[in-house]
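Here's the structure, in structure tokens; my notes come after.
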Amino acid sequence: MIKLSHVNKRYPNGHEALKDVSFDLASGEMAFLAGHSGAGKSTLFKLITRIEKPTSGQIIVDSQNLSRMRPSKVPALRREIGVIFQDHKLLFDRSVFDNVALPLIVIGMPHDEIKKRVRAALGKVGLAGKEKQLPITLSGGEQQRVGIARAVINRPNILLADEPTGNLDESLSNEIIDIFSDFNRVGVTVLIATHDIRQVERLGKRTLQLRDGELVHDGELIDTPQADSSSEEASL
Amino acid sequence: MSAYFSRHLQVLFSTLGSMRRTPMATINTLLVIAITLLLPSLLYVTLKSAQSLSSNWQGRPQISIFLQKSSSDSTAQLIFEEVQLHPSIELAEFVTPDQALAEYRLLSDNNSSLEQELAFLGENPLPASIVVMPDRASAKPENLIALKEELSNFDGIESVRLDLDWTERFNAMLQVFSRVSVLLSALLGLGLVLIVGNTIKLLIFNRRDEIEITKLVGGTDAFVRRPFLYYGALFGFLGACISLSFLLLAASLVEEPISRLADLYNVNALVHQVNLVEILTVLLIGTLLGWLAARWSVAMHLREIQPR
Ligand SMILES: Nc1ncnc2c1ncn2[C@@H]1O[C@H](COP(=O)(O)OP(=O)(O)OP(=O)(O)O)[C@@H](O)[C@H]1O
Ligand SMILES: [Mg+2]
């Protein structure tokens, strides 16, 4: 579903955010993306959603080669991917309802259908009844959940979550990660970037570990050699 | 299809809604547009009124042919017949020296000094003349000049004078005026596009976050562009509405003084009454220019805003 081959990303300022990264995430697979702050996790997500282009290497998402993708096809790609952004990217002058509904509005879904789906999505992330509120009146964790509801509202094939549990306490984190697991169970490909080692251990899923832009580990975290594992855990 | 319409209606109303949320800025923009559109409309109405003034005028150019003072009555008669038979001449009238004098007396205010001069001269100094009205086909200035040349070559003719009717001169002036108006209107139209374009540019940058996020969740360029195109078209349309009401107000304000002025000059002057087609044209032009401006602005600036 998501395949990277020898991907390099150098930002205009010369910083090498990703170095020769290759992995293949199968359709319906769920994995974690781990790594210290600045390791390149968000950069990787920006490449997959074509917010940024790789300096070299090939990215294939749902059998579409992103390097050959015309700009007019980018919206269709992004509709296929639900993204939870690290900085939430909410519209602060719009209600929770409008924020969550946006992916449906851009595809021109009828209003009644939008209403139903937004209610359901907000219920799922525990924000039922907060439709009319402005995001500014919500707590950090609640804002994060608005972002989650927006990411899943269009029933995407791929879910990318960048620190989705950063502002949540443990029980809420479990709940949210379990929501992603539920989506994964019905066939959605899920990739979660996180510092939250507890979640990685709790689920025991495949983990892609980045260090200074390099992919240093690919597999279940328990499999890593003892010395390396402890040093990684410390920096996670 | 109905989904398509309801989507557009929704954009229309949400655009009206956001205009209402910033009333001062909106009113400012609308007034600027209205005034920019008002000037060409005023020029047009003035031109139309002036044209109706000249077309109500019944006159046509005249040629006066003065015969040599020495020619006898019979030669004069011969020349008159020859002129009458000329194919380009519709009407010819013979004016004897006595008739000419009588007419001169009638037109002259200061009779006593005229009589004194006549008495001094001892005889009627005026020659016989023929006043000629060319047919319509020959009423164009270049044809008239050719005709005048031709007549000058006749035997027994002293001189020929061409009276280009004042309507000709007036119409020629109107033509200059209308050219200048067209040029001015085009410039104002360009100014309007720049003004609206700049307003739309500000709107685009004010809504930067919204545009970025919309693109992030898969909004197409067309979707992102649509509200701004509506903004431009609505600005143009509402501006044109205000402009029209100014125009009607201005027309009603000058109507009375103009008719009083016209009475004084004994002419039939009317302020041109704006008709429905003209109203619709102004609305259409306003809407179109606004839309064009938005189109241009969006093409210039929307590409700069990409998600980060
Ligand atoms: N637009 C940019 N221009 C230049 N450098 C950038 C840009 N975006 C990110 N970087 C750099 O690239 C590196 C990777 O950034 P990235 O945001 O991918 O890290 P991350 O793994 O998501 O970190 P965190 O866990 O803190 O979110 C960082 O060193 C960052 O400074
Ligand atoms: Mg990040």
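Letters A, B, ... mark the chains of the structure tokens in the order given; residue numbers begin at 1 per chain; ligand numbers begin at 1, in order shown.
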
Give the helix (DSSP H, G or I) residues of stretch 20-218 of chain A, as assigned by DSSP on the backbone, as number ranges by chain. A: 41-48, 66-68, 71-80, 96-105, 111-124, 135-137, 140-152, 170-185, 197-203

Write out as a PDB file with all heavy atoms, in the first residue's frame which residues come within 6 Å of stretch 24-26 of chain A when counting only C-alpha atoms, dropping same-chain ones fewer than 3 positions away.
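New file around-v3.pdb:
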ATOM      1  N   MET A   1       0.829  -1.209   0.000  1.00  0.00           N
ATOM      2  CA  MET A   1       0.000   0.000   0.000  1.00  0.00           C
ATOM      3  C   MET A   1       0.868   1.265   0.000  1.00  0.00           C
ATOM      4  O   MET A   1       0.657   2.170  -0.765  1.00  0.00           O
ATOM      5  CB  MET A   1      -0.877  -0.008   1.260  1.00  0.00           C
ATOM      6  CG  MET A   1      -2.077   0.891   1.135  1.00  0.00           C
ATOM      7  SD  MET A   1      -3.151   0.376  -0.208  1.00  0.00           S
ATOM      8  CE  MET A   1      -4.647   1.218   0.196  1.00  0.00           C
ATOM      9  N   ILE A   2       1.868   1.259   0.879  1.00  0.00           N
ATOM     10  CA  ILE A   2       2.827   2.361   0.912  1.00  0.00           C
ATOM     11  C   ILE A   2       4.213   1.764   0.750  1.00  0.00           C
ATOM     12  O   ILE A   2       4.648   0.944   1.563  1.00  0.00           O
ATOM     13  CB  ILE A   2       2.764   3.126   2.257  1.00  0.00           C
ATOM     14  CG1 ILE A   2       1.363   3.692   2.471  1.00  0.00           C
ATOM     15  CG2 ILE A   2       3.804   4.242   2.289  1.00  0.00           C
ATOM     16  CD1 ILE A   2       1.176   4.327   3.831  1.00  0.00           C
ATOM     17  N   LYS A   3       4.884   2.147  -0.344  1.00  0.00           N
ATOM     18  CA  LYS A   3       6.206   1.558  -0.604  1.00  0.00           C
ATOM     19  C   LYS A   3       7.215   2.654  -0.893  1.00  0.00           C
ATOM     20  O   LYS A   3       7.018   3.465  -1.792  1.00  0.00           O
ATOM     21  CB  LYS A   3       6.114   0.611  -1.801  1.00  0.00           C
ATOM     22  CG  LYS A   3       7.395  -0.116  -2.055  1.00  0.00           C
ATOM     23  CD  LYS A   3       7.239  -1.217  -3.089  1.00  0.00           C
ATOM     24  CE  LYS A   3       8.539  -1.999  -3.131  1.00  0.00           C
ATOM     25  NZ  LYS A   3       8.962  -2.336  -4.454  1.00  0.00           N
ATOM     26  N   GLU A  29      -2.111  -3.483   6.699  1.00  0.00           N
ATOM     27  CA  GLU A  29      -1.131  -3.643   7.773  1.00  0.00           C
ATOM     28  C   GLU A  29      -1.218  -2.454   8.734  1.00  0.00           C
ATOM     29  O   GLU A  29      -1.677  -1.372   8.370  1.00  0.00           O
ATOM     30  CB  GLU A  29       0.275  -3.709   7.157  1.00  0.00           C
ATOM     31  CG  GLU A  29       1.269  -4.467   8.018  1.00  0.00           C
ATOM     32  CD  GLU A  29       2.638  -4.565   7.355  1.00  0.00           C
ATOM     33  OE1 GLU A  29       2.730  -4.457   6.126  1.00  0.00           O
ATOM     34  OE2 GLU A  29       3.615  -4.740   8.107  1.00  0.00           O
TER      35      GLU A  29
END

What are the closest atom pairs, with distances in Å to one decimal, for all residues of chain A lying within 8 Å of ligand 1? Consider only C-alpha atoms and all ligand atoms, order rows by chain and residue number, and present the result as JSON lines.
{"residue": "A:Arg10", "atom": "CA", "partner": "ligand 1", "partner_atom_place_in_ligand_line": "5 (N)", "distance": 8.0}
{"residue": "A:Tyr11", "atom": "CA", "partner": "ligand 1", "partner_atom_place_in_ligand_line": "4 (C)", "distance": 4.8}
{"residue": "A:Pro12", "atom": "CA", "partner": "ligand 1", "partner_atom_place_in_ligand_line": "3 (N)", "distance": 6.3}
{"residue": "A:Asn13", "atom": "CA", "partner": "ligand 1", "partner_atom_place_in_ligand_line": "4 (C)", "distance": 5.5}
{"residue": "A:Gly14", "atom": "CA", "partner": "ligand 1", "partner_atom_place_in_ligand_line": "4 (C)", "distance": 7.4}
{"residue": "A:His15", "atom": "CA", "partner": "ligand 1", "partner_atom_place_in_ligand_line": "5 (N)", "distance": 5.7}
{"residue": "A:Glu16", "atom": "CA", "partner": "ligand 1", "partner_atom_place_in_ligand_line": "12 (O)", "distance": 6.8}
{"residue": "A:Ala17", "atom": "CA", "partner": "ligand 1", "partner_atom_place_in_ligand_line": "12 (O)", "distance": 4.4}
{"residue": "A:Leu18", "atom": "CA", "partner": "ligand 1", "partner_atom_place_in_ligand_line": "14 (C)", "distance": 7.6}
{"residue": "A:Gly35", "atom": "CA", "partner": "ligand 1", "partner_atom_place_in_ligand_line": "21 (O)", "distance": 6.3}
{"residue": "A:His36", "atom": "CA", "partner": "ligand 1", "partner_atom_place_in_ligand_line": "25 (O)", "distance": 5.9}
{"residue": "A:Ser37", "atom": "CA", "partner": "ligand 1", "partner_atom_place_in_ligand_line": "25 (O)", "distance": 3.5}
{"residue": "A:Gly38", "atom": "CA", "partner": "ligand 1", "partner_atom_place_in_ligand_line": "19 (O)", "distance": 3.5}
{"residue": "A:Ala39", "atom": "CA", "partner": "ligand 1", "partner_atom_place_in_ligand_line": "21 (O)", "distance": 3.9}
{"residue": "A:Gly40", "atom": "CA", "partner": "ligand 1", "partner_atom_place_in_ligand_line": "18 (O)", "distance": 3.1}
{"residue": "A:Lys41", "atom": "CA", "partner": "ligand 1", "partner_atom_place_in_ligand_line": "21 (O)", "distance": 3.7}
{"residue": "A:Ser42", "atom": "CA", "partner": "ligand 1", "partner_atom_place_in_ligand_line": "22 (O)", "distance": 3.6}
{"residue": "A:Thr43", "atom": "CA", "partner": "ligand 1", "partner_atom_place_in_ligand_line": "18 (O)", "distance": 3.6}
{"residue": "A:Leu44", "atom": "CA", "partner": "ligand 1", "partner_atom_place_in_ligand_line": "18 (O)", "distance": 6.4}
{"residue": "A:Gln86", "atom": "CA", "partner": "ligand 1", "partner_atom_place_in_ligand_line": "27 (O)", "distance": 7.0}
{"residue": "A:Asp162", "atom": "CA", "partner": "ligand 1", "partner_atom_place_in_ligand_line": "22 (O)", "distance": 7.7}
{"residue": "A:Glu163", "atom": "CA", "partner": "ligand 1", "partner_atom_place_in_ligand_line": "27 (O)", "distance": 7.6}
{"residue": "A:Thr194", "atom": "CA", "partner": "ligand 1", "partner_atom_place_in_ligand_line": "25 (O)", "distance": 7.6}
{"residue": "A:His195", "atom": "CA", "partner": "ligand 1", "partner_atom_place_in_ligand_line": "25 (O)", "distance": 7.2}
{"residue": "A:Leu210", "atom": "CA", "partner": "ligand 1", "partner_atom_place_in_ligand_line": "21 (O)", "distance": 7.8}
{"residue": "A:Asp212", "atom": "CA", "partner": "ligand 1", "partner_atom_place_in_ligand_line": "14 (C)", "distance": 7.7}
{"residue": "A:Gly213", "atom": "CA", "partner": "ligand 1", "partner_atom_place_in_ligand_line": "14 (C)", "distance": 7.1}

Compute the set of chain B residues within 8 Å of chain A, using only C-alpha atoms, and express it as a PyMOL selection string. chain B and resi 3+7+209-210+213-220+223+306-308

Selection above as a file: all heavy atoms, as a compact mmCIF listing (two decimals), in the first residue's frame:
# COMPACT_ATOMS: atom_id res chain seq x y z
N ALA B 3 -27.61 18.69 -7.13
CA ALA B 3 -26.56 18.74 -6.10
C ALA B 3 -25.55 19.82 -6.47
O ALA B 3 -25.07 20.57 -5.63
CB ALA B 3 -25.87 17.38 -5.99
N ARG B 7 -24.77 23.10 -4.30
CA ARG B 7 -23.42 23.39 -3.85
C ARG B 7 -23.06 24.84 -4.17
O ARG B 7 -22.48 25.54 -3.37
CB ARG B 7 -22.44 22.44 -4.53
CG ARG B 7 -21.45 21.84 -3.56
CD ARG B 7 -20.54 20.86 -4.26
NE ARG B 7 -21.28 19.81 -4.96
CZ ARG B 7 -20.74 19.10 -5.98
NH1 ARG B 7 -19.53 19.35 -6.39
NH2 ARG B 7 -21.45 18.16 -6.55
N ASP B 209 -4.95 29.80 6.13
CA ASP B 209 -5.07 28.54 6.86
C ASP B 209 -6.16 27.66 6.28
O ASP B 209 -5.99 26.46 6.08
CB ASP B 209 -5.41 28.81 8.34
CG ASP B 209 -4.22 29.39 9.08
OD1 ASP B 209 -3.11 29.34 8.52
OD2 ASP B 209 -4.42 29.92 10.18
N GLU B 210 -7.28 28.31 6.00
CA GLU B 210 -8.42 27.57 5.47
C GLU B 210 -8.07 26.91 4.13
O GLU B 210 -8.43 25.76 3.88
CB GLU B 210 -9.59 28.55 5.30
CG GLU B 210 -10.88 27.88 4.98
CD GLU B 210 -12.00 28.89 4.82
OE1 GLU B 210 -11.90 29.97 5.43
OE2 GLU B 210 -12.94 28.60 4.09
N ILE B 213 -5.63 23.97 4.73
CA ILE B 213 -6.26 22.79 5.32
C ILE B 213 -7.22 22.14 4.33
O ILE B 213 -7.29 20.92 4.22
CB ILE B 213 -6.95 23.17 6.65
CG1 ILE B 213 -5.86 23.53 7.67
CG2 ILE B 213 -7.83 22.05 7.15
CD1 ILE B 213 -6.38 24.11 8.95
N THR B 214 -7.92 22.97 3.56
CA THR B 214 -8.82 22.41 2.55
C THR B 214 -8.03 21.58 1.54
O THR B 214 -8.45 20.49 1.14
CB THR B 214 -9.58 23.53 1.83
OG1 THR B 214 -10.23 24.35 2.80
CG2 THR B 214 -10.62 22.97 0.89
N LYS B 215 -6.87 22.09 1.14
CA LYS B 215 -6.04 21.32 0.21
C LYS B 215 -5.53 20.03 0.87
O LYS B 215 -5.42 19.00 0.21
CB LYS B 215 -4.85 22.16 -0.28
CG LYS B 215 -5.27 23.22 -1.29
CD LYS B 215 -4.07 23.90 -1.92
CE LYS B 215 -4.53 24.85 -3.01
NZ LYS B 215 -3.39 25.51 -3.69
N LEU B 216 -5.24 20.11 2.17
CA LEU B 216 -4.74 18.93 2.88
C LEU B 216 -5.76 17.81 2.92
O LEU B 216 -5.39 16.64 2.88
CB LEU B 216 -4.38 19.30 4.33
CG LEU B 216 -3.01 19.92 4.55
CD1 LEU B 216 -2.82 20.26 6.01
CD2 LEU B 216 -1.92 18.95 4.09
N VAL B 217 -7.04 18.15 3.03
CA VAL B 217 -8.04 17.08 3.12
C VAL B 217 -8.59 16.73 1.74
O VAL B 217 -9.59 16.04 1.62
CB VAL B 217 -9.20 17.43 4.09
CG1 VAL B 217 -8.68 17.68 5.48
CG2 VAL B 217 -9.99 18.61 3.57
N GLY B 218 -7.91 17.19 0.68
CA GLY B 218 -8.28 16.74 -0.66
C GLY B 218 -9.18 17.68 -1.43
O GLY B 218 -9.84 17.24 -2.37
N GLY B 219 -9.23 18.95 -1.04
CA GLY B 219 -10.01 19.91 -1.82
C GLY B 219 -9.28 20.22 -3.13
O GLY B 219 -8.07 20.41 -3.12
N THR B 220 -10.01 20.21 -4.23
CA THR B 220 -9.39 20.50 -5.52
C THR B 220 -9.16 22.00 -5.65
O THR B 220 -9.72 22.79 -4.90
CB THR B 220 -10.29 20.05 -6.68
OG1 THR B 220 -11.54 20.72 -6.54
CG2 THR B 220 -10.49 18.56 -6.69
N PHE B 223 -12.40 23.74 -6.15
CA PHE B 223 -13.17 23.92 -4.93
C PHE B 223 -12.64 25.11 -4.12
O PHE B 223 -13.40 25.93 -3.62
CB PHE B 223 -13.09 22.65 -4.07
CG PHE B 223 -13.88 22.74 -2.80
CD1 PHE B 223 -15.21 22.37 -2.75
CD2 PHE B 223 -13.29 23.22 -1.63
CE1 PHE B 223 -15.94 22.48 -1.59
CE2 PHE B 223 -14.02 23.33 -0.45
CZ PHE B 223 -15.34 22.95 -0.44
N GLN B 306 0.38 26.64 -0.45
CA GLN B 306 0.39 25.19 -0.44
C GLN B 306 0.56 24.75 1.00
O GLN B 306 1.19 25.44 1.80
CB GLN B 306 1.56 24.66 -1.28
CG GLN B 306 1.44 24.92 -2.78
CD GLN B 306 0.30 24.16 -3.43
OE1 GLN B 306 -0.26 23.22 -2.86
NE2 GLN B 306 -0.08 24.59 -4.63
N PRO B 307 -0.02 23.59 1.33
CA PRO B 307 0.14 23.10 2.69
C PRO B 307 1.61 22.90 3.04
O PRO B 307 2.42 22.59 2.16
CB PRO B 307 -0.59 21.76 2.67
CG PRO B 307 -1.18 21.60 1.33
CD PRO B 307 -0.82 22.74 0.48
N ARG B 308 1.93 23.13 4.33
CA ARG B 308 3.32 22.94 4.74
C ARG B 308 3.45 21.74 5.65
O ARG B 308 2.51 21.38 6.31
CB ARG B 308 3.82 24.19 5.48
CG ARG B 308 4.10 25.34 4.52
CD ARG B 308 4.22 26.64 5.27
NE ARG B 308 2.93 27.02 5.81
CZ ARG B 308 2.72 28.18 6.45
NH1 ARG B 308 3.70 29.01 6.63
NH2 ARG B 308 1.52 28.48 6.90

So which one's closest to B:Leu202, B:Leu261, B:Ala186, B:Leu302, B:Val277? Using only C-alpha atoms, please. B:Leu302

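The nearest approach to ligand 2 among the residues A:Val152, A:Gln64, A:Gly166, A:Leu134, with only C-alpha atoms and all ligand atoms taken into account, belongs to A:Gly166.
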
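Atom pair atom CA of A:Lys130 / atom CA of A:Val146: separated by 9.8 Å.
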
Enumerate as a PyMOL selection string all residues of stretch 113-227 of chain B assigned to strand (DSSP E) by DSSP on the backbone, naming them with the chain letters and numbers the document uses. chain B and resi 129-134+157-163

Store the residues of this selection in a file with C-alpha atoms, as a PDB file, in the first residue's frame.
ATOM      1  CA  SER B 129     -27.596  83.834 -55.142  1.00  0.00           C
ATOM      2  CA  ILE B 130     -28.840  80.290 -55.269  1.00  0.00           C
ATOM      3  CA  VAL B 131     -29.289  78.333 -52.070  1.00  0.00           C
ATOM      4  CA  VAL B 132     -28.919  74.652 -52.683  1.00  0.00           C
ATOM      5  CA  MET B 133     -29.666  71.606 -50.569  1.00  0.00           C
ATOM      6  CA  PRO B 134     -27.788  68.481 -51.663  1.00  0.00           C
ATOM      7  CA  ILE B 157     -20.459  82.216 -60.470  1.00  0.00           C
ATOM      8  CA  GLU B 158     -18.547  84.494 -58.173  1.00  0.00           C
ATOM      9  CA  SER B 159     -18.134  82.239 -55.153  1.00  0.00           C
ATOM     10  CA  VAL B 160     -19.591  79.220 -53.439  1.00  0.00           C
ATOM     11  CA  ARG B 161     -19.964  78.908 -49.714  1.00  0.00           C
ATOM     12  CA  LEU B 162     -20.480  75.634 -47.921  1.00  0.00           C
ATOM     13  CA  ASP B 163     -22.452  75.830 -44.698  1.00  0.00           C
TER      14      ASP B 163
END
